[in-house]
>>> print(open('my_file_10.pdb').read())   # PDB, C-alpha atoms
ATOM      1  CA  MET K  10     -35.653  11.965 -29.662  1.00  0.00           C
ATOM      2  CA  SER K  11     -34.135   9.002 -27.841  1.00  0.00           C
ATOM      3  CA  ALA K  12     -31.808   9.525 -24.878  1.00  0.00           C
ATOM      4  CA  MET K  13     -28.076   9.082 -25.285  1.00  0.00           C
ATOM      5  CA  PRO K  14     -27.006   5.565 -24.167  1.00  0.00           C
ATOM      6  CA  LYS K  15     -25.152   5.507 -20.861  1.00  0.00           C
ATOM      7  CA  ARG K  16     -21.572   4.282 -20.875  1.00  0.00           C
ATOM      8  CA  ASP K  17     -21.299   0.730 -19.600  1.00  0.00           C
ATOM      9  CA  GLU K  18     -20.066   0.997 -16.002  1.00  0.00           C
ATOM     10  CA  ARG K  19     -18.073  -2.230 -16.167  1.00  0.00           C
ATOM     11  CA  HIS K  20     -16.352  -1.075 -19.334  1.00  0.00           C
ATOM     12  CA  MET K  21     -15.558   2.286 -17.737  1.00  0.00           C
ATOM     13  CA  ALA K  22     -14.116   0.585 -14.658  1.00  0.00           C
ATOM     14  CA  SER K  23     -12.020  -1.710 -16.860  1.00  0.00           C
ATOM     15  CA  MET K  24     -10.676   1.265 -18.796  1.00  0.00           C
ATOM     16  CA  ARG K  25      -9.765   3.092 -15.607  1.00  0.00           C
ATOM     17  CA  LYS K  26      -7.941   0.030 -14.325  1.00  0.00           C
ATOM     18  CA  GLN K  27      -6.067  -0.246 -17.639  1.00  0.00           C
ATOM     19  CA  ILE K  28      -5.005   3.402 -17.398  1.00  0.00           C
ATOM     20  CA  LEU K  29      -3.929   3.104 -13.752  1.00  0.00           C
ATOM     21  CA  THR K  30      -1.870  -0.014 -14.482  1.00  0.00           C
ATOM     22  CA  ALA K  31      -0.151   1.791 -17.342  1.00  0.00           C
ATOM     23  CA  ALA K  32       0.439   4.882 -15.207  1.00  0.00           C
ATOM     24  CA  GLN K  33       2.064   2.853 -12.451  1.00  0.00           C
ATOM     25  CA  ILE K  34       4.480   1.332 -14.976  1.00  0.00           C
ATOM     26  CA  VAL K  35       5.293   4.739 -16.465  1.00  0.00           C
ATOM     27  CA  PHE K  36       5.716   6.454 -13.085  1.00  0.00           C
ATOM     28  CA  GLU K  37       8.078   3.723 -11.909  1.00  0.00           C
ATOM     29  CA  LYS K  38      10.049   3.854 -15.160  1.00  0.00           C
ATOM     30  CA  LYS K  39      10.341   7.616 -15.622  1.00  0.00           C
ATOM     31  CA  GLY K  40       9.379   9.115 -12.272  1.00  0.00           C
ATOM     32  CA  VAL K  41       6.204  11.068 -11.575  1.00  0.00           C
ATOM     33  CA  HIS K  42       7.638  14.474 -12.488  1.00  0.00           C
ATOM     34  CA  ALA K  43       9.029  13.395 -15.878  1.00  0.00           C
ATOM     35  CA  ALA K  44       6.044  11.262 -16.885  1.00  0.00           C
ATOM     36  CA  THR K  45       3.347  12.731 -19.145  1.00  0.00           C
ATOM     37  CA  MET K  46      -0.206  11.757 -20.007  1.00  0.00           C
ATOM     38  CA  SER K  47       1.097  10.989 -23.488  1.00  0.00           C
ATOM     39  CA  ASP K  48       3.493   8.443 -21.960  1.00  0.00           C
ATOM     40  CA  VAL K  49       0.616   6.861 -20.054  1.00  0.00           C
ATOM     41  CA  SER K  50      -1.602   6.733 -23.151  1.00  0.00           C
ATOM     42  CA  THR K  51       1.152   5.010 -25.131  1.00  0.00           C
ATOM     43  CA  GLN K  52       1.698   2.441 -22.371  1.00  0.00           C
ATOM     44  CA  ALA K  53      -2.061   1.844 -22.100  1.00  0.00           C
ATOM     45  CA  GLY K  54      -2.550   1.585 -25.854  1.00  0.00           C
ATOM     46  CA  LEU K  55      -5.151   4.357 -25.808  1.00  0.00           C
ATOM     47  CA  SER K  56      -5.441   7.845 -27.211  1.00  0.00           C
ATOM     48  CA  VAL K  57      -4.648  10.808 -24.964  1.00  0.00           C
ATOM     49  CA  GLY K  58      -8.260  11.900 -25.416  1.00  0.00           C
ATOM     50  CA  SER K  59      -9.454   8.587 -23.987  1.00  0.00           C
ATOM     51  CA  LEU K  60      -7.385   9.203 -20.855  1.00  0.00           C
ATOM     52  CA  TYR K  61      -9.024  12.569 -20.295  1.00  0.00           C
ATOM     53  CA  VAL K  62     -12.472  10.951 -20.420  1.00  0.00           C
ATOM     54  CA  HIS K  63     -11.509   9.168 -17.199  1.00  0.00           C
ATOM     55  CA  PHE K  64      -8.978  11.484 -15.532  1.00  0.00           C
ATOM     56  CA  ARG K  65      -8.665  15.251 -15.713  1.00  0.00           C
ATOM     57  CA  SER K  66      -4.895  15.327 -15.176  1.00  0.00           C
ATOM     58  CA  LYS K  67      -1.755  13.387 -14.327  1.00  0.00           C
ATOM     59  CA  GLU K  68      -2.212  14.521 -10.730  1.00  0.00           C
ATOM     60  CA  GLU K  69      -5.671  12.914 -10.598  1.00  0.00           C
ATOM     61  CA  VAL K  70      -4.200   9.654 -11.914  1.00  0.00           C
ATOM     62  CA  LEU K  71      -1.520   9.816  -9.212  1.00  0.00           C
ATOM     63  CA  LEU K  72      -4.112  10.442  -6.500  1.00  0.00           C
ATOM     64  CA  GLN K  73      -6.125   7.413  -7.627  1.00  0.00           C
ATOM     65  CA  LEU K  74      -3.002   5.234  -7.625  1.00  0.00           C
ATOM     66  CA  ILE K  75      -2.079   6.349  -4.126  1.00  0.00           C
ATOM     67  CA  ASP K  76      -5.623   5.798  -2.889  1.00  0.00           C
ATOM     68  CA  SER K  77      -5.730   2.263  -4.275  1.00  0.00           C
ATOM     69  CA  GLY K  78      -2.255   1.342  -3.075  1.00  0.00           C
ATOM     70  CA  VAL K  79      -2.941   0.880   0.610  1.00  0.00           C
ATOM     71  CA  ASN K  80      -3.504  -2.714   1.622  1.00  0.00           C
ATOM     72  CA  GLY K  81      -4.913  -3.363   5.059  1.00  0.00           C
ATOM     73  CA  GLU K  82      -7.024  -6.316   3.913  1.00  0.00           C
ATOM     74  CA  PRO K  83      -4.534  -9.055   4.916  1.00  0.00           C
ATOM     75  CA  PHE K  84      -4.487  -7.664   8.454  1.00  0.00           C
ATOM     76  CA  ASP K  85      -8.290  -7.552   8.466  1.00  0.00           C
ATOM     77  CA  ALA K  86      -8.242 -11.284   7.680  1.00  0.00           C
ATOM     78  CA  CYS K  87      -5.860 -12.237  10.524  1.00  0.00           C
ATOM     79  CA  ALA K  88      -7.769 -14.244  13.112  1.00  0.00           C
ATOM     80  CA  THR K  89      -4.917 -15.899  15.026  1.00  0.00           C
ATOM     81  CA  ALA K  90      -1.546 -14.896  16.432  1.00  0.00           C
ATOM     82  CA  GLY K  91       0.152 -17.313  14.032  1.00  0.00           C
ATOM     83  CA  GLU K  92      -1.499 -15.673  11.024  1.00  0.00           C
ATOM     84  CA  LEU K  93      -0.505 -12.190  12.185  1.00  0.00           C
ATOM     85  CA  LEU K  94       3.103 -13.248  12.752  1.00  0.00           C
ATOM     86  CA  GLY K  95       3.223 -14.977   9.359  1.00  0.00           C
ATOM     87  CA  LEU K  96       1.896 -11.887   7.589  1.00  0.00           C
ATOM     88  CA  ILE K  97       4.377  -9.530   9.267  1.00  0.00           C
ATOM     89  CA  GLU K  98       7.255 -11.888   8.494  1.00  0.00           C
ATOM     90  CA  ALA K  99       6.159 -12.049   4.843  1.00  0.00           C
ATOM     91  CA  ILE K 100       6.011  -8.244   4.575  1.00  0.00           C
ATOM     92  CA  LEU K 101       9.431  -7.766   6.173  1.00  0.00           C
ATOM     93  CA  GLN K 102      10.983 -10.415   3.927  1.00  0.00           C
ATOM     94  CA  ALA K 103       9.398  -8.866   0.826  1.00  0.00           C
ATOM     95  CA  LEU K 104      10.828  -5.455   1.700  1.00  0.00           C
ATOM     96  CA  GLU K 105      14.277  -6.974   2.119  1.00  0.00           C
ATOM     97  CA  ALA K 106      14.135  -9.023  -1.103  1.00  0.00           C
ATOM     98  CA  PRO K 107      16.642  -8.147  -3.880  1.00  0.00           C
ATOM     99  CA  GLY K 108      15.179  -5.564  -6.227  1.00  0.00           C
ATOM    100  CA  SER K 109      12.856  -4.020  -3.646  1.00  0.00           C
ATOM    101  CA  ALA K 110      14.812  -0.755  -3.708  1.00  0.00           C
ATOM    102  CA  SER K 111      14.004  -0.172  -7.367  1.00  0.00           C
ATOM    103  CA  GLN K 112      12.508   2.740  -9.282  1.00  0.00           C
ATOM    104  CA  ALA K 113       9.279   1.889  -7.453  1.00  0.00           C
ATOM    105  CA  ALA K 114      10.999   2.960  -4.242  1.00  0.00           C
ATOM    106  CA  CYS K 115      12.167   6.164  -5.901  1.00  0.00           C
ATOM    107  CA  THR K 116       8.585   6.831  -6.985  1.00  0.00           C
ATOM    108  CA  ALA K 117       7.398   6.362  -3.402  1.00  0.00           C
ATOM    109  CA  LEU K 118       9.950   8.923  -2.240  1.00  0.00           C
ATOM    110  CA  GLU K 119       8.776  11.298  -4.959  1.00  0.00           C
ATOM    111  CA  VAL K 120       5.185  10.895  -3.804  1.00  0.00           C
ATOM    112  CA  ALA K 121       6.278  11.641  -0.238  1.00  0.00           C
ATOM    113  CA  ALA K 122       7.922  14.846  -1.437  1.00  0.00           C
ATOM    114  CA  ILE K 123       4.794  15.823  -3.379  1.00  0.00           C
ATOM    115  CA  ALA K 124       2.639  15.192  -0.301  1.00  0.00           C
ATOM    116  CA  ARG K 125       4.675  17.740   1.650  1.00  0.00           C
ATOM    117  CA  ARG K 126       3.632  20.530  -0.724  1.00  0.00           C
ATOM    118  CA  ASN K 127       0.273  19.311  -2.054  1.00  0.00           C
ATOM    119  CA  ALA K 128      -2.552  19.250   0.483  1.00  0.00           C
ATOM    120  CA  GLU K 129      -4.751  16.974  -1.642  1.00  0.00           C
ATOM    121  CA  VAL K 130      -2.026  14.337  -2.022  1.00  0.00           C
ATOM    122  CA  GLN K 131      -1.154  14.620   1.661  1.00  0.00           C
ATOM    123  CA  ALA K 132      -4.799  14.071   2.620  1.00  0.00           C
ATOM    124  CA  VAL K 133      -4.899  10.821   0.643  1.00  0.00           C
ATOM    125  CA  VAL K 134      -1.579   9.641   2.116  1.00  0.00           C
ATOM    126  CA  VAL K 135      -2.804  10.404   5.641  1.00  0.00           C
ATOM    127  CA  ARG K 136      -6.096   8.607   4.980  1.00  0.00           C
ATOM    128  CA  ASN K 137      -4.239   5.540   3.702  1.00  0.00           C
ATOM    129  CA  PHE K 138      -1.921   5.553   6.698  1.00  0.00           C
ATOM    130  CA  THR K 139      -4.953   5.676   8.993  1.00  0.00           C
ATOM    131  CA  ARG K 140      -6.597   2.732   7.177  1.00  0.00           C
ATOM    132  CA  LEU K 141      -3.460   0.616   7.497  1.00  0.00           C
ATOM    133  CA  ARG K 142      -2.885   1.566  11.138  1.00  0.00           C
ATOM    134  CA  ASP K 143      -6.499   0.715  12.006  1.00  0.00           C
ATOM    135  CA  ALA K 144      -6.094  -2.669  10.289  1.00  0.00           C
ATOM    136  CA  VAL K 145      -2.894  -3.473  12.206  1.00  0.00           C
ATOM    137  CA  LEU K 146      -4.356  -2.374  15.551  1.00  0.00           C
ATOM    138  CA  GLY K 147      -7.533  -4.298  14.805  1.00  0.00           C
ATOM    139  CA  ALA K 148      -5.556  -7.468  14.119  1.00  0.00           C
ATOM    140  CA  ALA K 149      -3.603  -7.023  17.357  1.00  0.00           C
ATOM    141  CA  ALA K 150      -6.846  -6.666  19.309  1.00  0.00           C
ATOM    142  CA  ARG K 151      -8.337  -9.797  17.735  1.00  0.00           C
ATOM    143  CA  VAL K 152      -5.384 -12.077  18.425  1.00  0.00           C
ATOM    144  CA  ALA K 153      -4.813 -10.885  22.014  1.00  0.00           C
ATOM    145  CA  SER K 154      -5.788 -13.514  24.572  1.00  0.00           C
ATOM    146  CA  ASP K 155      -6.835 -13.220  28.196  1.00  0.00           C
ATOM    147  CA  GLY K 156      -3.409 -14.519  29.202  1.00  0.00           C
ATOM    148  CA  GLY K 157      -1.543 -11.936  27.138  1.00  0.00           C
ATOM    149  CA  THR K 158      -0.607  -8.336  27.743  1.00  0.00           C
ATOM    150  CA  GLN K 159      -3.286  -5.808  28.532  1.00  0.00           C
ATOM    151  CA  ASP K 160      -1.616  -3.001  26.549  1.00  0.00           C
ATOM    152  CA  VAL K 161      -2.847  -4.183  23.169  1.00  0.00           C
ATOM    153  CA  GLN K 162      -2.763  -0.757  21.510  1.00  0.00           C
ATOM    154  CA  ALA K 163       0.877  -0.160  22.476  1.00  0.00           C
ATOM    155  CA  ILE K 164       1.889  -3.482  20.943  1.00  0.00           C
ATOM    156  CA  GLY K 165      -0.153  -2.766  17.840  1.00  0.00           C
ATOM    157  CA  GLU K 166       1.617   0.586  17.480  1.00  0.00           C
ATOM    158  CA  ALA K 167       4.978  -1.133  17.938  1.00  0.00           C
ATOM    159  CA  LEU K 168       4.168  -3.635  15.164  1.00  0.00           C
ATOM    160  CA  MET K 169       3.124  -0.764  12.895  1.00  0.00           C
ATOM    161  CA  SER K 170       6.401   1.014  13.661  1.00  0.00           C
ATOM    162  CA  LEU K 171       8.379  -2.098  12.714  1.00  0.00           C
ATOM    163  CA  LEU K 172       6.707  -2.176   9.296  1.00  0.00           C
ATOM    164  CA  LEU K 173       7.176   1.544   8.673  1.00  0.00           C
ATOM    165  CA  SER K 174      10.809   1.390   9.726  1.00  0.00           C
ATOM    166  CA  ALA K 175      11.509  -1.495   7.357  1.00  0.00           C
ATOM    167  CA  GLN K 176       9.823   0.332   4.478  1.00  0.00           C
ATOM    168  CA  ALA K 177      11.692   3.574   5.196  1.00  0.00           C
ATOM    169  CA  GLN K 178      15.021   1.746   5.278  1.00  0.00           C
ATOM    170  CA  MET K 179      14.221   0.028   1.986  1.00  0.00           C
ATOM    171  CA  LEU K 180      13.316   3.355   0.380  1.00  0.00           C
ATOM    172  CA  ILE K 181      16.542   5.084   1.330  1.00  0.00           C
ATOM    173  CA  GLY K 182      18.680   2.020   0.618  1.00  0.00           C
ATOM    174  CA  VAL K 183      20.131   1.223   4.042  1.00  0.00           C
ATOM    175  CA  PRO K 184      20.304  -2.217   5.725  1.00  0.00           C
ATOM    176  CA  SER K 185      16.945  -3.147   7.214  1.00  0.00           C
ATOM    177  CA  CYS K 186      18.214  -5.299  10.137  1.00  0.00           C
ATOM    178  CA  ASN K 187      15.406  -7.718   9.324  1.00  0.00           C
ATOM    179  CA  ASP K 188      16.526 -10.467  11.702  1.00  0.00           C
ATOM    180  CA  ALA K 189      16.143  -8.102  14.648  1.00  0.00           C
ATOM    181  CA  LYS K 190      12.765  -6.874  13.388  1.00  0.00           C
ATOM    182  CA  LEU K 191      11.496 -10.430  12.954  1.00  0.00           C
ATOM    183  CA  LYS K 192      12.645 -11.291  16.484  1.00  0.00           C
ATOM    184  CA  ALA K 193      10.919  -8.173  17.847  1.00  0.00           C
ATOM    185  CA  ALA K 194       7.680  -9.036  16.011  1.00  0.00           C
ATOM    186  CA  ARG K 195       7.718 -12.543  17.463  1.00  0.00           C
ATOM    187  CA  MET K 196       8.301 -11.190  20.985  1.00  0.00           C
ATOM    188  CA  LEU K 197       5.497  -8.639  20.667  1.00  0.00           C
ATOM    189  CA  ILE K 198       2.947 -11.118  19.304  1.00  0.00           C
ATOM    190  CA  THR K 199       3.933 -13.677  21.941  1.00  0.00           C
ATOM    191  CA  GLN K 200       3.157 -11.007  24.541  1.00  0.00           C
ATOM    192  CA  LEU K 201      -0.250 -10.472  22.938  1.00  0.00           C
ATOM    193  CA  HIS K 202      -0.986 -14.176  22.779  1.00  0.00           C
ATOM    194  CA  GLY K 203       0.335 -14.990  26.235  1.00  0.00           C
ATOM    195  CA  ALA K 204       2.091 -18.138  24.961  1.00  0.00           C
ATOM    196  CA  PRO K 205       4.611 -19.188  22.296  1.00  0.00           C
ATOM    197  CA  VAL K 206       3.260 -18.622  18.791  1.00  0.00           C
ATOM    198  CA  ARG K 207       3.500 -21.086  15.923  1.00  0.00           C
ATOM    199  CA  VAL K 208       3.815 -19.052  12.749  1.00  0.00           C
ATOM    200  CA  LYS K 209       1.362 -19.679   9.917  1.00  0.00           C
ATOM    201  CA  ARG K 210       3.151 -18.863   6.670  1.00  0.00           C
ATOM    202  CA  TYR K 211       1.511 -16.208   4.523  1.00  0.00           C
ATOM    203  CA  THR K 212       1.500 -17.324   0.890  1.00  0.00           C
ATOM    204  CA  ALA K 213      -0.842 -14.913  -0.912  1.00  0.00           C
ATOM    205  CA  PRO K 214       0.613 -12.146  -3.130  1.00  0.00           C
ATOM    206  CA  LEU K 215       1.405  -8.964  -1.227  1.00  0.00           C
ATOM    207  CA  ARG K 216       0.450  -5.464  -2.379  1.00  0.00           C
ATOM    208  CA  PRO K 217       2.118  -2.382  -0.950  1.00  0.00           C
ATOM    209  CA  THR K 218       1.438  -1.708   2.686  1.00  0.00           C
ATOM    210  CA  GLY K 219       2.827   1.703   2.996  1.00  0.00           C
ATOM    211  CA  SER K 220       0.872   4.883   3.314  1.00  0.00           C
ATOM    212  CA  ASP K 221       1.815   6.109  -0.112  1.00  0.00           C
TER     213      ASP K 221
END
>>> encode(input="my_file_10.pdb", output="structure tokens")
Amino acid sequence: MSAMPKRDERHMASMRKQILTAAQIVFEKKGVHAATMSDVSTQAGLSVGSLYVHFRSKEEVLLQLIDSGVNGEPFDACATAGELLGLIEAILQALEAPGSASQAACTALEVAAIARRNAEVQAVVVRNFTRLRDAVLGAAARVASDGGTQDVQAIGEALMSLLLSAQAQMLIGVPSCNDAKLKAARMLITQLHGAPVRVKRYTAPLRPTGSD
């Protein structure tokens, strides 16, 4: 008797991506609590049974979305002070853009609330925060010059705090004071570099940088 054929791994990965994309749309439209697997299956154009081949529950889908949402890669790619300043400016401007405080922001707040009472979700959020923080601190260390400040970690933490503050203000719908944050970022990176910094504009699409 011949063995059962294995599912094609590329097809399985494509299906999972299709489901996660649909889930993100549904969660942002209806909220995590109100959304159902049936809603996700309809959005994905798949049967509910097909969803359960890939994910055991709505909570597992949410965990996968959170885990894939962190985006430290642009910071990993920063090799100069100008690139780091351009990336931070782009993130701050994106958070301040009209429409940023949408249902997506409400979903992020809902995830934060879930993390407070669900240890598994909190563990993923903490892991993502750590990844992003390491990427920001790593970028600060790379662009620091011999003529700049010696307290590289403190400046890296300050840059991270600027980003988190801007995101938090966007989420709760209060003015972000972006001009002041941009000025602070320039001052901090100039300290790292030890000389005036010429910004290199960041033009690639941005994914979420928050921890959730």
>>> atom_distance(input="my_file_10.pdb", atom1="atom CA of K:Ala149", atom2="atom CA of K:Tyr211")
16.6 Å
>>> atom_distance(input="my_file_10.pdb", atom1="atom CA of K:Lys192", atom2="atom CA of K:Glu105")
15.1 Å
>>> residues_around(input="my_file_10.pdb", residues="K:Leu197", least_positions_apart="4", cutoff="12 Å", atoms="all atoms listed in the file", output="number ranges by chain")
K: 90, 93-94, 97, 149, 152-153, 157-158, 160-171, 190-193, 201-206
>>> resolve_selection(input="my_file_10.pdb", expression="the PyMOL selection byres ((chain K and resi 29-41) around 12)", output="number ranges by chain")
K: 22-28, 42-55, 60, 63-64, 66-78, 110-123
>>> atom_distance(input="my_file_10.pdb", atom1="atom CA of K:Gly91", atom2="atom CA of K:Arg136")
28.2 Å
>>> closest_residue(input="my_file_10.pdb", among="K:Val57, K:Ala150, K:Ala144, K:Ala175", to="K:Thr89", atoms="all atoms listed in the file")
K:Ala150
>>> closest_residue(input="my_file_10.pdb", among="K:Asp17, K:Tyr61, K:Ala213, K:Asp85", to="K:Asp143", atoms="only C-alpha atoms")
K:Asp85
>>> axis_aligned_box(input="my_file_10.pdb", around="stretch 55-68 of chain K", padding_each_side="5 Å", output="lines of an AutoDock Vina configuration file")
center_x = -7.1
center_y = 9.8
center_z = -19.0
size_x = 20.7
size_y = 21.0
size_z = 26.5
>>> resolve_selection(input="my_file_10.pdb", expression="the PyMOL selection byres ((chain K and resi 178) around 12)", output="list of chain:residue names")
K:Leu101, K:Leu104, K:Glu105, K:Ser109, K:Ala110, K:Ala114, K:Leu118, K:Leu171, K:Leu172, K:Leu173, K:Ser174, K:Ala175, K:Gln176, K:Ala177, K:Met179, K:Leu180, K:Ile181, K:Gly182, K:Val183, K:Pro184, K:Ser185, K:Cys186, K:Asn187
